[in-house]
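Dropping query_8.cif in here (mmCIF, C-alpha atoms):
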data_upload
loop_
_atom_site.group_PDB
_atom_site.id
_atom_site.type_symbol
_atom_site.label_atom_id
_atom_site.label_comp_id
_atom_site.auth_asym_id
_atom_site.auth_seq_id
_atom_site.Cartn_x
_atom_site.Cartn_y
_atom_site.Cartn_z
ATOM 1 C CA MET A 8 -83.645 73.380 237.453
ATOM 2 C CA PRO A 9 -87.221 73.802 236.244
ATOM 3 C CA GLY A 10 -87.763 76.037 233.230
ATOM 4 C CA VAL A 11 -90.085 78.320 235.170
ATOM 5 C CA LEU A 12 -87.243 79.146 237.585
ATOM 6 C CA ILE A 13 -84.897 79.886 234.686
ATOM 7 C CA VAL A 14 -87.472 82.310 233.250
ATOM 8 C CA GLU A 15 -87.943 83.862 236.699
ATOM 9 C CA ALA A 16 -84.187 84.359 237.012
ATOM 10 C CA MET A 17 -84.089 86.055 233.596
ATOM 11 C CA ALA A 18 -87.043 88.298 234.538
ATOM 12 C CA GLN A 19 -85.436 89.244 237.878
ATOM 13 C CA THR A 20 -82.181 90.112 236.116
ATOM 14 C CA ALA A 21 -84.023 92.268 233.559
ATOM 15 C CA GLY A 22 -85.889 93.987 236.414
ATOM 16 C CA ALA A 23 -82.639 94.738 238.237
ATOM 17 C CA ILE A 24 -81.237 96.295 235.065
ATOM 18 C CA CYS A 25 -84.396 98.424 234.696
ATOM 19 C CA LEU A 26 -84.027 99.732 238.250
ATOM 20 C CA TRP A 27 -80.334 100.396 237.729
ATOM 21 C CA LYS A 28 -81.027 102.363 234.528
ATOM 22 C CA MET A 29 -83.743 104.411 236.292
ATOM 23 C CA ARG A 30 -81.530 105.186 239.307
ATOM 24 C CA SER A 31 -81.771 108.948 238.724
ATOM 25 C CA GLU A 32 -85.548 108.807 239.082
ATOM 26 C CA LYS A 33 -87.569 108.108 242.216
ATOM 27 C CA PRO A 34 -87.439 104.362 243.002
ATOM 28 C CA SER A 35 -90.492 102.569 241.680
ATOM 29 C CA LEU A 36 -91.883 99.108 241.108
ATOM 30 C CA VAL A 37 -90.950 97.151 238.015
ATOM 31 C CA TYR A 38 -93.602 94.746 236.725
ATOM 32 C CA PHE A 39 -93.120 91.702 234.536
ATOM 33 C CA MET A 40 -95.432 92.095 231.516
ATOM 34 C CA THR A 41 -94.798 89.410 228.886
ATOM 35 C CA ILE A 42 -92.521 86.607 227.836
ATOM 36 C CA ASP A 43 -92.135 85.878 224.133
ATOM 37 C CA ASN A 44 -90.230 83.316 222.075
ATOM 38 C CA ALA A 45 -89.247 81.188 225.079
ATOM 39 C CA LYS A 46 -87.188 78.154 224.145
ATOM 40 C CA PHE A 47 -85.730 75.539 226.453
ATOM 41 C CA ARG A 48 -82.930 73.668 224.702
ATOM 42 C CA ARG A 49 -81.261 71.497 227.368
ATOM 43 C CA PRO A 50 -81.909 70.578 230.998
ATOM 44 C CA VAL A 51 -80.024 72.332 233.792
ATOM 45 C CA VAL A 52 -78.976 69.887 236.495
ATOM 46 C CA PRO A 53 -77.448 70.300 239.980
ATOM 47 C CA GLY A 54 -73.812 71.317 239.735
ATOM 48 C CA ASP A 55 -74.272 73.357 236.556
ATOM 49 C CA ARG A 56 -73.267 77.019 236.644
ATOM 50 C CA LEU A 57 -76.068 79.005 235.037
ATOM 51 C CA GLU A 58 -75.043 82.303 233.434
ATOM 52 C CA LEU A 59 -77.685 84.847 232.466
ATOM 53 C CA HIS A 60 -76.985 87.188 229.559
ATOM 54 C CA VAL A 61 -79.491 90.031 229.177
ATOM 55 C CA ARG A 62 -79.460 92.568 226.325
ATOM 56 C CA LYS A 63 -81.819 95.525 225.893
ATOM 57 C CA LEU A 64 -83.833 95.425 222.659
ATOM 58 C CA LYS A 65 -86.215 98.385 223.054
ATOM 59 C CA HIS A 66 -87.141 101.127 225.476
ATOM 60 C CA ARG A 67 -90.219 103.320 225.053
ATOM 61 C CA GLY A 68 -91.480 105.307 227.989
ATOM 62 C CA ASN A 69 -91.784 102.892 230.912
ATOM 63 C CA ILE A 70 -91.736 99.782 228.722
ATOM 64 C CA TRP A 71 -88.448 97.882 228.373
ATOM 65 C CA LYS A 72 -87.867 94.775 226.234
ATOM 66 C CA TYR A 73 -84.888 92.473 226.772
ATOM 67 C CA ALA A 74 -83.392 89.473 224.994
ATOM 68 C CA CYS A 75 -82.317 86.950 227.617
ATOM 69 C CA GLU A 76 -80.156 83.850 227.337
ATOM 70 C CA ALA A 77 -79.306 81.215 229.919
ATOM 71 C CA ILE A 78 -75.943 79.564 229.289
ATOM 72 C CA VAL A 79 -74.207 76.560 230.889
ATOM 73 C CA ASP A 80 -70.586 75.791 229.934
ATOM 74 C CA GLY A 81 -70.841 78.042 226.858
ATOM 75 C CA ILE A 82 -73.967 76.269 225.567
ATOM 76 C CA ARG A 83 -77.303 78.100 225.378
ATOM 77 C CA VAL A 84 -79.823 76.129 227.425
ATOM 78 C CA ALA A 85 -82.750 78.609 227.342
ATOM 79 C CA GLU A 86 -83.741 81.923 225.773
ATOM 80 C CA ALA A 87 -86.654 84.343 225.911
ATOM 81 C CA GLU A 88 -87.699 87.936 225.270
ATOM 82 C CA ILE A 89 -88.880 89.634 228.455
ATOM 83 C CA THR A 90 -90.976 92.816 228.545
ATOM 84 C CA ARG A 91 -91.016 94.859 231.749
#
This structure in structure tokens:
Amino acid sequence: MPGVLIVEAMAQTAGAICLWKMRSEKPSLVYFMTIDNAKFRRPVVPGDRLELHVRKLKHRGNIWKYACEAIVDGIRVAEAEITR
């Protein structure tokens, strides 16, 4: 699985969490702003089960920052900080 698709999956997951947290407000668009400290540690191949772990780091106003990890068989294969 290309690294760009792993980052996209992490960004989509962070965006879904943003929308879920803002559920009391009027639905709005969530934009991807930045990616920081991206590291790709191992390749992800067909047959692997990719788990995405997303943790909120900061929230100020409409800006949310998340720490994201991609894990296969308990081993971290990629990580990044996503700002939405």
Review point. Quick one: distance from CA of Pro50 (chain A) to CA of Lys65 (chain A) in Å, one decimal?
Key: 29.2 Å
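Distances from A:Ile13, A:Ala77, A:Gln19, A:Gly54 to Tyr38 (chain A) were compared using all atoms listed in the file, and the smallest one belongs to A:Gln19.
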Exercise for review: Write out as number ranges by chain the residues lying within 7 Å of Glu86 (chain A), counting all atoms listed in the file and excluding same-chain residues fewer than 2 positions away.
Suggested key: A: 45-47, 75-77
Point to revise | Nearby residues (all atoms listed in the file) at most 8 Å from Lys63 (chain A), same-chain spacing under 4 positions excluded, as a list of chain:residue names | key: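 Within the cut-off, the hits are A:Trp71, A:Lys72, A:Tyr73, A:Ala74.
Separating CA of Ser35 (chain A) from CA of Gly68 (chain A) is a distance of 14.0 Å.
Ranking A:Ile42, A:Val51, A:Met29, A:Val79 by their shortest atom-to-atom distance to Glu15 (chain A), with all atoms listed in the file included, puts A:Ile42 first.
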Review point. So which one's closest to Val14 (chain A), A:Ile82, A:Pro53, A:Leu64, A:Thr41? Using only C-alpha atoms, please.
Key: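 Result for the nearest residue to Val14 (chain A): A:Thr41.
Every residue that the PyMOL selection byres ((chain A and resi 37) around 12) selects in this file is listed here: Ala18, Gln19, Thr20, Ala21, Gly22, Ala23, Ile24, Cys25, Leu26, Trp27, Lys28, Met29, Pro34, Ser35, Leu36, Tyr38, Phe39, Met40, Asn69, Ile70, Trp71, Thr90 and Arg91 of chain A.
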Review point. CA of Leu12 (chain A) and CA of Ala87 (chain A), how far apart in Å?
Key: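 Calculated distance between CA of Ala87 (chain A) and CA of Leu12 (chain A) is 12.8 Å.
Closest approach to Asp80 (chain A) from the set A:Arg48, A:Arg67, A:Arg30, A:Arg56 is made by A:Arg56, with distances taken over all atoms listed in the file.
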Taking all atoms of region 59-66 of chain A that the file lists and extending 4 Å past them on each side, where is the centre of the axis-aligned box and how long are its edges? Answer in Å to one decimal, as JSON.
{"center_x": -82.1, "center_y": 93.0, "center_z": 227.6, "size_x": 18.2, "size_y": 24.3, "size_z": 17.8}
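Distances to Pro9 (chain A) were evaluated for A:Ala85, A:His66, A:Leu59, A:Asn44 using all atoms listed in the file, and the minimum falls at A:Ala85.
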Check your understanding: Which residue gives the smallest distance to His60 (chain A) among A:Asp43, A:Gly81, A:Met17, A:Met8, with only C-alpha atoms counted?
Key ->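 Comparing A:Asp43, A:Gly81, A:Met17, A:Met8 against His60 (chain A), the winner is A:Met17.
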Starting from the incomplete input, reconstruct N, CA and C atoms of region 38-71 of chain A and report them as a PDB file, in the frame of the given file.
ATOM      1  N   TYR A  38     -92.701  95.881 236.914  1.00  0.00           N
ATOM      2  CA  TYR A  38     -93.602  94.746 236.725  1.00  0.00           C
ATOM      3  C   TYR A  38     -93.204  93.927 235.506  1.00  0.00           C
ATOM      4  N   PHE A  39     -93.319  92.630 235.642  1.00  0.00           N
ATOM      5  CA  PHE A  39     -93.120  91.702 234.536  1.00  0.00           C
ATOM      6  C   PHE A  39     -94.385  91.735 233.683  1.00  0.00           C
ATOM      7  N   MET A  40     -94.252  91.984 232.373  1.00  0.00           N
ATOM      8  CA  MET A  40     -95.432  92.095 231.516  1.00  0.00           C
ATOM      9  C   MET A  40     -95.624  90.865 230.630  1.00  0.00           C
ATOM     10  N   THR A  41     -94.635  90.542 229.799  1.00  0.00           N
ATOM     11  CA  THR A  41     -94.798  89.410 228.886  1.00  0.00           C
ATOM     12  C   THR A  41     -93.498  88.633 228.744  1.00  0.00           C
ATOM     13  N   ILE A  42     -93.653  87.417 228.274  1.00  0.00           N
ATOM     14  CA  ILE A  42     -92.521  86.607 227.836  1.00  0.00           C
ATOM     15  C   ILE A  42     -92.858  86.106 226.442  1.00  0.00           C
ATOM     16  N   ASP A  43     -91.925  86.292 225.526  1.00  0.00           N
ATOM     17  CA  ASP A  43     -92.135  85.878 224.133  1.00  0.00           C
ATOM     18  C   ASP A  43     -90.969  85.007 223.689  1.00  0.00           C
ATOM     19  N   ASN A  44     -91.252  84.146 222.732  1.00  0.00           N
ATOM     20  CA  ASN A  44     -90.230  83.316 222.075  1.00  0.00           C
ATOM     21  C   ASN A  44     -89.373  82.529 223.064  1.00  0.00           C
ATOM     22  N   ALA A  45     -89.987  81.987 224.095  1.00  0.00           N
ATOM     23  CA  ALA A  45     -89.247  81.188 225.079  1.00  0.00           C
ATOM     24  C   ALA A  45     -88.910  79.826 224.482  1.00  0.00           C
ATOM     25  N   LYS A  46     -87.643  79.456 224.630  1.00  0.00           N
ATOM     26  CA  LYS A  46     -87.188  78.154 224.145  1.00  0.00           C
ATOM     27  C   LYS A  46     -86.292  77.534 225.208  1.00  0.00           C
ATOM     28  N   PHE A  47     -86.533  76.286 225.491  1.00  0.00           N
ATOM     29  CA  PHE A  47     -85.730  75.539 226.453  1.00  0.00           C
ATOM     30  C   PHE A  47     -85.012  74.449 225.676  1.00  0.00           C
ATOM     31  N   ARG A  48     -83.702  74.525 225.600  1.00  0.00           N
ATOM     32  CA  ARG A  48     -82.930  73.668 224.702  1.00  0.00           C
ATOM     33  C   ARG A  48     -82.327  72.452 225.395  1.00  0.00           C
ATOM     34  N   ARG A  49     -81.884  72.601 226.628  1.00  0.00           N
ATOM     35  CA  ARG A  49     -81.261  71.497 227.368  1.00  0.00           C
ATOM     36  C   ARG A  49     -81.621  71.607 228.846  1.00  0.00           C
ATOM     37  N   PRO A  50     -81.627  70.496 229.561  1.00  0.00           N
ATOM     38  CA  PRO A  50     -81.909  70.578 230.998  1.00  0.00           C
ATOM     39  C   PRO A  50     -80.723  71.166 231.763  1.00  0.00           C
ATOM     40  N   VAL A  51     -81.035  71.816 232.870  1.00  0.00           N
ATOM     41  CA  VAL A  51     -80.024  72.332 233.792  1.00  0.00           C
ATOM     42  C   VAL A  51     -80.106  71.468 235.039  1.00  0.00           C
ATOM     43  N   VAL A  52     -78.992  70.850 235.390  1.00  0.00           N
ATOM     44  CA  VAL A  52     -78.976  69.887 236.495  1.00  0.00           C
ATOM     45  C   VAL A  52     -78.127  70.422 237.643  1.00  0.00           C
ATOM     46  N   PRO A  53     -78.268  69.846 238.848  1.00  0.00           N
ATOM     47  CA  PRO A  53     -77.448  70.300 239.980  1.00  0.00           C
ATOM     48  C   PRO A  53     -75.959  70.216 239.636  1.00  0.00           C
ATOM     49  N   GLY A  54     -75.243  71.246 240.021  1.00  0.00           N
ATOM     50  CA  GLY A  54     -73.812  71.317 239.735  1.00  0.00           C
ATOM     51  C   GLY A  54     -73.485  72.191 238.541  1.00  0.00           C
ATOM     52  N   ASP A  55     -74.480  72.467 237.694  1.00  0.00           N
ATOM     53  CA  ASP A  55     -74.272  73.357 236.556  1.00  0.00           C
ATOM     54  C   ASP A  55     -74.175  74.798 237.035  1.00  0.00           C
ATOM     55  N   ARG A  56     -73.366  75.585 236.355  1.00  0.00           N
ATOM     56  CA  ARG A  56     -73.267  77.019 236.644  1.00  0.00           C
ATOM     57  C   ARG A  56     -74.055  77.760 235.568  1.00  0.00           C
ATOM     58  N   LEU A  57     -75.160  78.329 235.964  1.00  0.00           N
ATOM     59  CA  LEU A  57     -76.068  79.005 235.037  1.00  0.00           C
ATOM     60  C   LEU A  57     -75.676  80.473 234.923  1.00  0.00           C
ATOM     61  N   GLU A  58     -75.352  80.905 233.706  1.00  0.00           N
ATOM     62  CA  GLU A  58     -75.043  82.303 233.434  1.00  0.00           C
ATOM     63  C   GLU A  58     -76.219  82.926 232.713  1.00  0.00           C
ATOM     64  N   LEU A  59     -76.590  84.135 233.108  1.00  0.00           N
ATOM     65  CA  LEU A  59     -77.685  84.847 232.466  1.00  0.00           C
ATOM     66  C   LEU A  59     -77.117  86.030 231.694  1.00  0.00           C
ATOM     67  N   HIS A  60     -77.420  86.085 230.410  1.00  0.00           N
ATOM     68  CA  HIS A  60     -76.985  87.188 229.559  1.00  0.00           C
ATOM     69  C   HIS A  60     -78.239  87.936 229.117  1.00  0.00           C
ATOM     70  N   VAL A  61     -78.300  89.223 229.459  1.00  0.00           N
ATOM     71  CA  VAL A  61     -79.491  90.031 229.177  1.00  0.00           C
ATOM     72  C   VAL A  61     -79.063  91.239 228.348  1.00  0.00           C
ATOM     73  N   ARG A  62     -79.772  91.469 227.236  1.00  0.00           N
ATOM     74  CA  ARG A  62     -79.460  92.568 226.325  1.00  0.00           C
ATOM     75  C   ARG A  62     -80.730  93.359 226.039  1.00  0.00           C
ATOM     76  N   LYS A  63     -80.646  94.680 226.139  1.00  0.00           N
ATOM     77  CA  LYS A  63     -81.819  95.525 225.893  1.00  0.00           C
ATOM     78  C   LYS A  63     -82.112  95.565 224.402  1.00  0.00           C
ATOM     79  N   LEU A  64     -83.393  95.329 224.042  1.00  0.00           N
ATOM     80  CA  LEU A  64     -83.833  95.425 222.659  1.00  0.00           C
ATOM     81  C   LEU A  64     -84.502  96.768 222.377  1.00  0.00           C
ATOM     82  N   LYS A  65     -85.449  97.158 223.253  1.00  0.00           N
ATOM     83  CA  LYS A  65     -86.215  98.385 223.054  1.00  0.00           C
ATOM     84  C   LYS A  65     -86.483  99.061 224.388  1.00  0.00           C
ATOM     85  N   HIS A  66     -86.728 100.362 224.297  1.00  0.00           N
ATOM     86  CA  HIS A  66     -87.141 101.127 225.476  1.00  0.00           C
ATOM     87  C   HIS A  66     -88.015 102.269 224.994  1.00  0.00           C
ATOM     88  N   ARG A  67     -89.282 102.241 225.365  1.00  0.00           N
ATOM     89  CA  ARG A  67     -90.219 103.320 225.053  1.00  0.00           C
ATOM     90  C   ARG A  67     -90.986 103.677 226.305  1.00  0.00           C
ATOM     91  N   GLY A  68     -90.796 104.889 226.770  1.00  0.00           N
ATOM     92  CA  GLY A  68     -91.480 105.307 227.989  1.00  0.00           C
ATOM     93  C   GLY A  68     -91.074 104.430 229.156  1.00  0.00           C
ATOM     94  N   ASN A  69     -92.050 103.785 229.782  1.00  0.00           N
ATOM     95  CA  ASN A  69     -91.784 102.892 230.912  1.00  0.00           C
ATOM     96  C   ASN A  69     -91.741 101.428 230.503  1.00  0.00           C
ATOM     97  N   ILE A  70     -91.738 101.162 229.216  1.00  0.00           N
ATOM     98  CA  ILE A  70     -91.736  99.782 228.722  1.00  0.00           C
ATOM     99  C   ILE A  70     -90.333  99.433 228.231  1.00  0.00           C
ATOM    100  N   TRP A  71     -89.783  98.344 228.745  1.00  0.00           N
ATOM    101  CA  TRP A  71     -88.448  97.882 228.373  1.00  0.00           C
ATOM    102  C   TRP A  71     -88.572  96.453 227.851  1.00  0.00           C
TER     103      TRP A  71
END
